[in-house]
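One file, entry-v9.pdb, carrying PDB, C-alpha atoms and all ligand atoms:
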```pdb
ATOM      1  CA  MET A   1     -17.800 -17.481  -3.497  1.00  0.00           C
ATOM      2  CA  SER A   2     -21.558 -17.383  -3.954  1.00  0.00           C
ATOM      3  CA  ASP A   3     -22.198 -14.412  -1.644  1.00  0.00           C
ATOM      4  CA  CYS A   4     -19.263 -12.276  -2.766  1.00  0.00           C
ATOM      5  CA  ILE A   5     -20.291  -9.077  -4.532  1.00  0.00           C
ATOM      6  CA  PHE A   6     -17.085  -8.884  -6.605  1.00  0.00           C
ATOM      7  CA  CYS A   7     -17.404 -12.539  -7.672  1.00  0.00           C
ATOM      8  CA  LYS A   8     -20.907 -11.622  -8.832  1.00  0.00           C
ATOM      9  CA  ILE A   9     -19.533  -8.639 -10.733  1.00  0.00           C
ATOM     10  CA  ALA A  10     -16.801 -10.864 -12.224  1.00  0.00           C
ATOM     11  CA  ASN A  11     -19.320 -13.381 -13.521  1.00  0.00           C
ATOM     12  CA  LYS A  12     -21.760 -10.651 -14.623  1.00  0.00           C
ATOM     13  CA  GLU A  13     -24.527 -11.491 -12.138  1.00  0.00           C
ATOM     14  CA  ILE A  14     -24.211  -7.845 -11.064  1.00  0.00           C
ATOM     15  CA  PRO A  15     -23.645  -5.255 -13.793  1.00  0.00           C
ATOM     16  CA  SER A  16     -20.637  -2.951 -13.744  1.00  0.00           C
ATOM     17  CA  ASN A  17     -19.042  -0.375 -15.995  1.00  0.00           C
ATOM     18  CA  VAL A  18     -16.196  -2.459 -17.406  1.00  0.00           C
ATOM     19  CA  VAL A  19     -12.987  -0.797 -18.555  1.00  0.00           C
ATOM     20  CA  TYR A  20     -10.868  -3.870 -19.264  1.00  0.00           C
ATOM     21  CA  GLU A  21     -11.371  -7.602 -19.098  1.00  0.00           C
ATOM     22  CA  ASP A  22      -9.419 -10.727 -19.885  1.00  0.00           C
ATOM     23  CA  GLU A  23      -9.553 -14.322 -18.736  1.00  0.00           C
ATOM     24  CA  LYS A  24      -7.919 -13.557 -15.382  1.00  0.00           C
ATOM     25  CA  ILE A  25      -8.995 -10.065 -14.331  1.00  0.00           C
ATOM     26  CA  LEU A  26     -11.758  -7.477 -14.540  1.00  0.00           C
ATOM     27  CA  VAL A  27     -11.409  -3.712 -14.314  1.00  0.00           C
ATOM     28  CA  PHE A  28     -14.513  -1.637 -13.657  1.00  0.00           C
ATOM     29  CA  HIS A  29     -15.478   1.817 -12.421  1.00  0.00           C
ATOM     30  CA  ASP A  30     -15.941   2.187  -8.659  1.00  0.00           C
ATOM     31  CA  LEU A  31     -19.563   2.862  -7.672  1.00  0.00           C
ATOM     32  CA  SER A  32     -18.451   5.714  -5.374  1.00  0.00           C
ATOM     33  CA  PRO A  33     -15.442   7.316  -7.038  1.00  0.00           C
ATOM     34  CA  VAL A  34     -13.002   9.248  -4.863  1.00  0.00           C
ATOM     35  CA  ALA A  35     -11.215  10.808  -7.823  1.00  0.00           C
ATOM     36  CA  PRO A  36     -12.141  11.875 -11.379  1.00  0.00           C
ATOM     37  CA  GLN A  37     -10.889   8.463 -12.496  1.00  0.00           C
ATOM     38  CA  HIS A  38     -11.359   5.577 -10.059  1.00  0.00           C
ATOM     39  CA  VAL A  39     -11.509   1.958 -11.126  1.00  0.00           C
ATOM     40  CA  LEU A  40     -11.197  -1.340  -9.311  1.00  0.00           C
ATOM     41  CA  ILE A  41      -8.968  -4.116 -10.584  1.00  0.00           C
ATOM     42  CA  ILE A  42      -9.941  -7.585  -9.392  1.00  0.00           C
ATOM     43  CA  PRO A  43      -8.823 -11.135 -10.029  1.00  0.00           C
ATOM     44  CA  LYS A  44     -11.754 -13.191 -11.317  1.00  0.00           C
ATOM     45  CA  VAL A  45     -10.830 -15.924  -8.856  1.00  0.00           C
ATOM     46  CA  HIS A  46     -11.943 -15.295  -5.283  1.00  0.00           C
ATOM     47  CA  ILE A  47      -9.079 -14.300  -2.994  1.00  0.00           C
ATOM     48  CA  GLU A  48     -10.336 -12.821   0.262  1.00  0.00           C
ATOM     49  CA  SER A  49      -7.548 -10.303   0.818  1.00  0.00           C
ATOM     50  CA  MET A  50      -3.809  -9.798   0.655  1.00  0.00           C
ATOM     51  CA  ASN A  51      -3.602 -12.021   3.747  1.00  0.00           C
ATOM     52  CA  GLU A  52      -4.789 -15.006   1.696  1.00  0.00           C
ATOM     53  CA  LEU A  53      -2.361 -14.528  -1.190  1.00  0.00           C
ATOM     54  CA  THR A  54      -0.158 -17.567  -1.862  1.00  0.00           C
ATOM     55  CA  GLU A  55       2.753 -18.350  -4.191  1.00  0.00           C
ATOM     56  CA  GLU A  56       0.230 -20.056  -6.474  1.00  0.00           C
ATOM     57  CA  SER A  57      -2.312 -17.241  -6.539  1.00  0.00           C
ATOM     58  CA  ALA A  58       0.257 -14.436  -6.659  1.00  0.00           C
ATOM     59  CA  SER A  59       0.688 -14.772 -10.427  1.00  0.00           C
ATOM     60  CA  VAL A  60      -2.669 -13.069 -10.959  1.00  0.00           C
ATOM     61  CA  VAL A  61      -1.402 -10.082  -8.987  1.00  0.00           C
ATOM     62  CA  ALA A  62       1.667  -9.918 -11.211  1.00  0.00           C
ATOM     63  CA  HIS A  63      -0.707 -10.024 -14.174  1.00  0.00           C
ATOM     64  CA  ILE A  64      -2.748  -7.153 -12.714  1.00  0.00           C
ATOM     65  CA  PHE A  65       0.357  -5.012 -12.330  1.00  0.00           C
ATOM     66  CA  THR A  66       1.457  -5.632 -15.905  1.00  0.00           C
ATOM     67  CA  LYS A  67      -1.943  -4.326 -17.105  1.00  0.00           C
ATOM     68  CA  VAL A  68      -2.034  -1.184 -14.934  1.00  0.00           C
ATOM     69  CA  LYS A  69      -0.212   1.017 -17.428  1.00  0.00           C
ATOM     70  CA  GLU A  70      -2.621   0.043 -20.221  1.00  0.00           C
ATOM     71  CA  VAL A  71      -5.640   0.818 -18.056  1.00  0.00           C
ATOM     72  CA  ALA A  72      -4.100   4.113 -16.899  1.00  0.00           C
ATOM     73  CA  LYS A  73      -3.497   5.051 -20.533  1.00  0.00           C
ATOM     74  CA  GLN A  74      -7.085   4.173 -21.397  1.00  0.00           C
ATOM     75  CA  LEU A  75      -8.269   6.439 -18.580  1.00  0.00           C
ATOM     76  CA  GLY A  76      -5.959   9.229 -19.744  1.00  0.00           C
ATOM     77  CA  ILE A  77      -3.971   9.391 -16.503  1.00  0.00           C
ATOM     78  CA  ASP A  78      -0.774   7.568 -17.466  1.00  0.00           C
ATOM     79  CA  GLY A  79       1.057  10.836 -18.031  1.00  0.00           C
ATOM     80  CA  SER A  80      -0.333  12.845 -15.116  1.00  0.00           C
ATOM     81  CA  GLY A  81       0.057   9.997 -12.647  1.00  0.00           C
ATOM     82  CA  TYR A  82      -2.122   7.878 -10.469  1.00  0.00           C
ATOM     83  CA  ARG A  83      -2.299   5.913  -7.241  1.00  0.00           C
ATOM     84  CA  ILE A  84      -2.847   2.210  -6.617  1.00  0.00           C
ATOM     85  CA  VAL A  85      -4.236   1.181  -3.244  1.00  0.00           C
ATOM     86  CA  SER A  86      -5.197  -2.162  -1.778  1.00  0.00           C
ATOM     87  CA  ASN A  87      -6.920  -2.030   1.581  1.00  0.00           C
ATOM     88  CA  CYS A  88      -6.539  -5.120   3.753  1.00  0.00           C
ATOM     89  CA  GLY A  89      -8.752  -5.957   6.700  1.00  0.00           C
ATOM     90  CA  SER A  90     -10.760  -3.802   9.032  1.00  0.00           C
ATOM     91  CA  GLU A  91      -8.206  -1.181  10.019  1.00  0.00           C
ATOM     92  CA  GLY A  92      -6.848  -1.185   6.481  1.00  0.00           C
ATOM     93  CA  GLY A  93     -10.268   0.008   5.350  1.00  0.00           C
ATOM     94  CA  GLN A  94     -11.260  -3.074   3.345  1.00  0.00           C
ATOM     95  CA  THR A  95     -15.043  -3.208   2.939  1.00  0.00           C
ATOM     96  CA  VAL A  96     -15.338  -5.890   0.254  1.00  0.00           C
ATOM     97  CA  GLY A  97     -13.765  -9.275   1.014  1.00  0.00           C
ATOM     98  CA  HIS A  98     -12.420  -9.985  -2.453  1.00  0.00           C
ATOM     99  CA  LEU A  99      -8.880  -8.812  -3.206  1.00  0.00           C
ATOM    100  CA  HIS A 100      -8.948  -5.625  -5.268  1.00  0.00           C
ATOM    101  CA  PHE A 101      -6.731  -2.750  -6.256  1.00  0.00           C
ATOM    102  CA  HIS A 102      -8.034   0.790  -6.492  1.00  0.00           C
ATOM    103  CA  LEU A 103      -6.541   2.714  -9.407  1.00  0.00           C
ATOM    104  CA  ALA A 104      -7.303   6.392  -8.973  1.00  0.00           C
ATOM    105  CA  GLY A 105      -6.159   9.556 -10.697  1.00  0.00           C
ATOM    106  CA  GLY A 106      -7.203  12.758 -12.390  1.00  0.00           C
ATOM    107  CA  ARG A 107      -6.391  14.965  -9.398  1.00  0.00           C
ATOM    108  CA  GLN A 108      -3.457  15.670  -7.106  1.00  0.00           C
ATOM    109  CA  MET A 109      -3.222  12.893  -4.526  1.00  0.00           C
ATOM    110  CA  GLN A 110      -2.302  13.695  -0.945  1.00  0.00           C
ATOM    111  CA  TRP A 111       0.019  11.934   1.463  1.00  0.00           C
ATOM    112  CA  PRO A 112      -0.356  10.505   4.058  1.00  0.00           C
ATOM    113  CA  PRO A 113      -3.684   8.867   3.232  1.00  0.00           C
ATOM    114  CA  GLY A 114      -6.462   9.186   5.780  1.00  0.00           C
TER
HETATM  115  P1  LIG B   1     -12.562  -1.243  -0.168  1.00  0.00           P
HETATM  116  O1  LIG B   1     -13.337  -0.317   0.733  1.00  0.00           O
HETATM  117  O2  LIG B   1     -12.842  -2.686   0.177  1.00  0.00           O
HETATM  118  O3  LIG B   1     -11.111  -0.940  -0.294  1.00  0.00           O
HETATM  119  O4  LIG B   1     -13.130  -0.977  -1.623  1.00  0.00           O
HETATM  120  C1  LIG B   1     -14.375  -1.428  -2.029  1.00  0.00           C
HETATM  121  C2  LIG B   1     -14.831  -0.499  -3.117  1.00  0.00           C
HETATM  122  O5  LIG B   1     -15.875  -1.156  -3.829  1.00  0.00           O
HETATM  123  C3  LIG B   1     -15.402   0.831  -2.625  1.00  0.00           C
HETATM  124  O6  LIG B   1     -14.646   1.897  -3.172  1.00  0.00           O
HETATM  125  C4  LIG B   1     -16.842   0.822  -3.123  1.00  0.00           C
HETATM  126  O7  LIG B   1     -17.257   2.072  -3.583  1.00  0.00           O
HETATM  127  C5  LIG B   1     -16.807  -0.203  -4.235  1.00  0.00           C
HETATM  128  N1  LIG B   1     -18.027  -0.946  -4.435  1.00  0.00           N
HETATM  129  C6  LIG B   1     -18.774  -1.571  -3.478  1.00  0.00           C
HETATM  130  N2  LIG B   1     -19.827  -2.203  -4.031  1.00  0.00           N
HETATM  131  C7  LIG B   1     -19.729  -1.959  -5.376  1.00  0.00           C
HETATM  132  C8  LIG B   1     -20.534  -2.359  -6.486  1.00  0.00           C
HETATM  133  O8  LIG B   1     -21.547  -3.052  -6.363  1.00  0.00           O
HETATM  134  N3  LIG B   1     -20.130  -1.929  -7.714  1.00  0.00           N
HETATM  135  C9  LIG B   1     -19.018  -1.171  -7.895  1.00  0.00           C
HETATM  136  N4  LIG B   1     -18.722  -0.816  -9.143  1.00  0.00           N
HETATM  137  N5  LIG B   1     -18.240  -0.792  -6.860  1.00  0.00           N
HETATM  138  C10 LIG B   1     -18.592  -1.172  -5.625  1.00  0.00           C
HETATM  139 ZN    ZN B   2     -15.178 -12.969  -4.508  1.00  0.00          ZN
END
```

Show how you would write the structure in this file as C-alpha cells.
Amino acid sequence: MSDCIFCKIANKEIPSNVVYEDEKILVFHDLSPVAPQHVLIIPKVHIESMNELTEESASVVAHIFTKVKEVAKQLGIDGSGYRIVSNCGSEGGQTVGHLHFHLAGGRQMQWPPG
C-alpha cells in the first residue's frame, strides 16, 4: 500500500530502528515507547488489521509468533516476561492500518489494560 506508513518502514522508505528482519517480517522500536522495551512486529506484506487475516495470510502471523522468543531474548526480557498486544480497529485502539504486534516489557504490566 503506497500510503501506508508501516509498508514504507518495511521497504525502508522511512527509517526505523530495526531489531530483527527476515524475508517475511520486520521488528523495530516503537517511536513512542510505553515500556522500557517496546518494539513493533509487522508482516512485510500489507494486511490492514486482524479483521483482514485469511487462511492464506495467517502463516505470517504464525511466523511472527515463532520469532517472539528470539526477539524477547535479544531485548533482555525473555526471563522477566513481556506482553504482546495487537489493537484492532477504532475502539481497539489501532492507529496504524497495517497489522502489527506490540511487544513490550522491562516493567511490571498491569491488567486490565486501559
Ligand atoms: P497502534 O496504535 O496502531 O496499536 O500502534 C501503532 C504504533 O506505531 C504506536 O505505538 C506508535 O507509537 C507507532 N508508530 C507510529 N508511527 C511510527 C513511526 O513512524 N515509526 C515508528 N517506529 N513507530 C511508529
Ligand atoms: Zn502497510

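Comparing the minimum interatomic distances between Val68 (chain A) and each of A:Cys88, A:Cys4, A:Leu26, A:Met50, counting all atoms listed in the file, we find that A:Leu26 sits nearest.
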
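Each residue with an atom within 7 Å of any atom of ligand LIG 1 (chain B) appears in the list, which was built counting only C-alpha atoms and all ligand atoms: Ile5, Ser16, Asn17, Phe28, His29, Asp30, Leu31, Ser32, Pro33, Ser86, Asn87, Gly93, Gln94, Thr95, Val96 and Gly97 of chain A.
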
With only C-alpha atoms and all ligand atoms counted and 10 Å as the cut-off, give the residues of chain A in contact with ligand ZN 2 (chain B), each with its shortest interatomic distance in Å and the pair that gives it, as a Markdown table.
```
| residue | atom | partner | partner_atom | distance |
| --- | --- | --- | --- | --- |
| A:Met1 | CA | B:ZN2 | ZN | 5.3 |
| A:Ser2 | CA | B:ZN2 | ZN | 7.8 |
| A:Asp3 | CA | B:ZN2 | ZN | 7.7 |
| A:Cys4 | CA | B:ZN2 | ZN | 4.5 |
| A:Ile5 | CA | B:ZN2 | ZN | 6.4 |
| A:Phe6 | CA | B:ZN2 | ZN | 5.0 |
| A:Cys7 | CA | B:ZN2 | ZN | 3.9 |
| A:Lys8 | CA | B:ZN2 | ZN | 7.3 |
| A:Ile9 | CA | B:ZN2 | ZN | 8.7 |
| A:Ala10 | CA | B:ZN2 | ZN | 8.2 |
| A:Asn11 | CA | B:ZN2 | ZN | 9.9 |
| A:Ile42 | CA | B:ZN2 | ZN | 9.0 |
| A:Pro43 | CA | B:ZN2 | ZN | 8.6 |
| A:Lys44 | CA | B:ZN2 | ZN | 7.6 |
| A:Val45 | CA | B:ZN2 | ZN | 6.8 |
| A:His46 | CA | B:ZN2 | ZN | 4.1 |
| A:Ile47 | CA | B:ZN2 | ZN | 6.4 |
| A:Glu48 | CA | B:ZN2 | ZN | 6.8 |
| A:Ser49 | CA | B:ZN2 | ZN | 9.7 |
| A:Val96 | CA | B:ZN2 | ZN | 8.5 |
| A:Gly97 | CA | B:ZN2 | ZN | 6.8 |
| A:His98 | CA | B:ZN2 | ZN | 4.6 |
| A:Leu99 | CA | B:ZN2 | ZN | 7.7 |
| A:His100 | CA | B:ZN2 | ZN | 9.7 |
```

Worksheet entry | Spatial sel., origin (-1.0, -6.1, -16.3), limit 12 Å, only C-alpha atoms, listed as a ChimeraX atom specification | /A:20-22,24-27,41-43,59-72

Which residues match the PyMOL selection byres (((chain A and resi 80) around 9) and not hetatm) in the file above, as a short mmCIF file (atom, residue, chain, number, x, y, z; two decimals) with C-alpha atoms, keeping the file's coordinate frame?
```cif
data_model
loop_
_atom_site.label_atom_id
_atom_site.label_comp_id
_atom_site.auth_asym_id
_atom_site.auth_seq_id
_atom_site.Cartn_x
_atom_site.Cartn_y
_atom_site.Cartn_z
CA GLY A 76 -5.96 9.23 -19.74
CA ILE A 77 -3.97 9.39 -16.50
CA ASP A 78 -0.77 7.57 -17.47
CA GLY A 79 1.06 10.84 -18.03
CA GLY A 81 0.06 10.00 -12.65
CA TYR A 82 -2.12 7.88 -10.47
CA GLY A 105 -6.16 9.56 -10.70
CA GLY A 106 -7.20 12.76 -12.39
CA ARG A 107 -6.39 14.96 -9.40
#
```

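Taking CA of Glu23 (chain A) as the reference point, CA of Val39 (chain A) is found at 18.1 Å.
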
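For the pair CA of Gln37 (chain A) and CA of Leu103 (chain A), the interatomic distance is 7.8 Å.
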
Write out as an mmCIF file with C-alpha atoms, in the frame of the given file the residues lying within 7 Å of Ile84 (chain A), counting all atoms listed in the file and excluding same-chain residues fewer than 4 positions away.
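As a result, out08.cif now contains:
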```cif
data_model
loop_
_atom_site.group_PDB
_atom_site.id
_atom_site.type_symbol
_atom_site.label_atom_id
_atom_site.label_comp_id
_atom_site.auth_asym_id
_atom_site.auth_seq_id
_atom_site.Cartn_x
_atom_site.Cartn_y
_atom_site.Cartn_z
ATOM 1 C CA PHE A 101 -6.731 -2.750 -6.256
ATOM 2 C CA HIS A 102 -8.034 0.790 -6.492
ATOM 3 C CA LEU A 103 -6.541 2.714 -9.407
ATOM 4 C CA ALA A 104 -7.303 6.392 -8.973
#
```

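We find CA of Met109 (chain A) and CA of Val34 (chain A) to be spaced 10.4 Å apart.
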
Worksheet item: Between A:Val18, A:Arg83, A:Glu91, A:His38, which one has atoms that come closest to Trp111 (chain A), using only C-alpha atoms?
Response: A:Arg83

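Closest approach to Val85 (chain A) among A:Thr54, A:Gln108, A:Leu40, A:Glu13 is made by A:Leu40 (distances from all atoms listed in the file).
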
What box, with edges along x, y and z, holds each listed atom of region 11-26 of chain A when 8 Å is added on every side, and can you state its centre and edge lengths in Å to one decimal, as lines of an AutoDock Vina configuration file?
```
center_x = -16.2
center_y = -7.3
center_z = -15.5
size_x = 32.6
size_y = 29.9
size_z = 24.8
```

Kindly write N, CA and C atoms of region 61-79 of chain A from the structure just given to a file, as an mmCIF file, in the first residue's frame.
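The result, stored in decode.cif:
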```cif
data_model
loop_
_atom_site.group_PDB
_atom_site.id
_atom_site.type_symbol
_atom_site.label_atom_id
_atom_site.label_comp_id
_atom_site.auth_asym_id
_atom_site.auth_seq_id
_atom_site.Cartn_x
_atom_site.Cartn_y
_atom_site.Cartn_z
ATOM 1 N N VAL A 61 1.592 -14.715 10.492
ATOM 2 C CA VAL A 61 1.356 -14.488 11.918
ATOM 3 C C VAL A 61 1.968 -15.634 12.730
ATOM 4 N N ALA A 62 1.821 -16.839 12.227
ATOM 5 C CA ALA A 62 2.468 -17.980 12.894
ATOM 6 C C ALA A 62 3.978 -17.770 12.913
ATOM 7 N N HIS A 63 4.509 -17.266 11.818
ATOM 8 C CA HIS A 63 5.948 -16.993 11.732
ATOM 9 C C HIS A 63 6.347 -15.948 12.778
ATOM 10 N N ILE A 64 5.554 -14.892 12.881
ATOM 11 C CA ILE A 64 5.831 -13.842 13.877
ATOM 12 C C ILE A 64 5.914 -14.458 15.272
ATOM 13 N N PHE A 65 4.959 -15.319 15.599
ATOM 14 C CA PHE A 65 4.921 -15.855 16.957
ATOM 15 C C PHE A 65 6.042 -16.854 17.231
ATOM 16 N N THR A 66 6.600 -17.441 16.175
ATOM 17 C CA THR A 66 7.753 -18.317 16.417
ATOM 18 C C THR A 66 9.019 -17.498 16.664
ATOM 19 N N LYS A 67 9.025 -16.231 16.233
ATOM 20 C CA LYS A 67 10.214 -15.377 16.398
ATOM 21 C C LYS A 67 10.185 -14.558 17.679
ATOM 22 N N VAL A 68 9.025 -14.482 18.328
ATOM 23 C CA VAL A 68 8.873 -13.619 19.512
ATOM 24 C C VAL A 68 9.923 -13.933 20.575
ATOM 25 N N LYS A 69 10.118 -15.193 20.866
ATOM 26 C CA LYS A 69 11.049 -15.534 21.959
ATOM 27 C C LYS A 69 12.470 -15.100 21.639
ATOM 28 N N GLU A 70 12.862 -15.154 20.381
ATOM 29 C CA GLU A 70 14.204 -14.697 19.986
ATOM 30 C C GLU A 70 14.330 -13.192 20.188
ATOM 31 N N VAL A 71 13.304 -12.464 19.763
ATOM 32 C CA VAL A 71 13.321 -11.006 19.902
ATOM 33 C C VAL A 71 13.322 -10.626 21.380
ATOM 34 N N ALA A 72 12.482 -11.303 22.166
ATOM 35 C CA ALA A 72 12.429 -11.025 23.612
ATOM 36 C C ALA A 72 13.791 -11.278 24.252
ATOM 37 N N LYS A 73 14.458 -12.323 23.830
ATOM 38 C CA LYS A 73 15.791 -12.631 24.363
ATOM 39 C C LYS A 73 16.777 -11.528 23.990
ATOM 40 N N GLN A 74 16.683 -11.087 22.746
ATOM 41 C CA GLN A 74 17.558 -10.013 22.262
ATOM 42 C C GLN A 74 17.350 -8.732 23.069
ATOM 43 N N LEU A 75 16.110 -8.491 23.474
ATOM 44 C CA LEU A 75 15.789 -7.293 24.249
ATOM 45 C C LEU A 75 16.058 -7.483 25.739
ATOM 46 N N GLY A 76 16.381 -8.712 26.131
ATOM 47 C CA GLY A 76 16.697 -8.988 27.532
ATOM 48 C C GLY A 76 15.480 -9.112 28.424
ATOM 49 N N ILE A 77 14.324 -9.434 27.850
ATOM 50 C CA ILE A 77 13.096 -9.515 28.643
ATOM 51 C C ILE A 77 12.448 -10.900 28.568
ATOM 52 N N ASP A 78 13.179 -11.874 28.018
ATOM 53 C CA ASP A 78 12.596 -13.216 27.913
ATOM 54 C C ASP A 78 12.384 -13.818 29.300
ATOM 55 N N GLY A 79 13.305 -13.563 30.198
ATOM 56 C CA GLY A 79 13.200 -14.131 31.539
ATOM 57 C C GLY A 79 12.224 -13.389 32.427
#
```
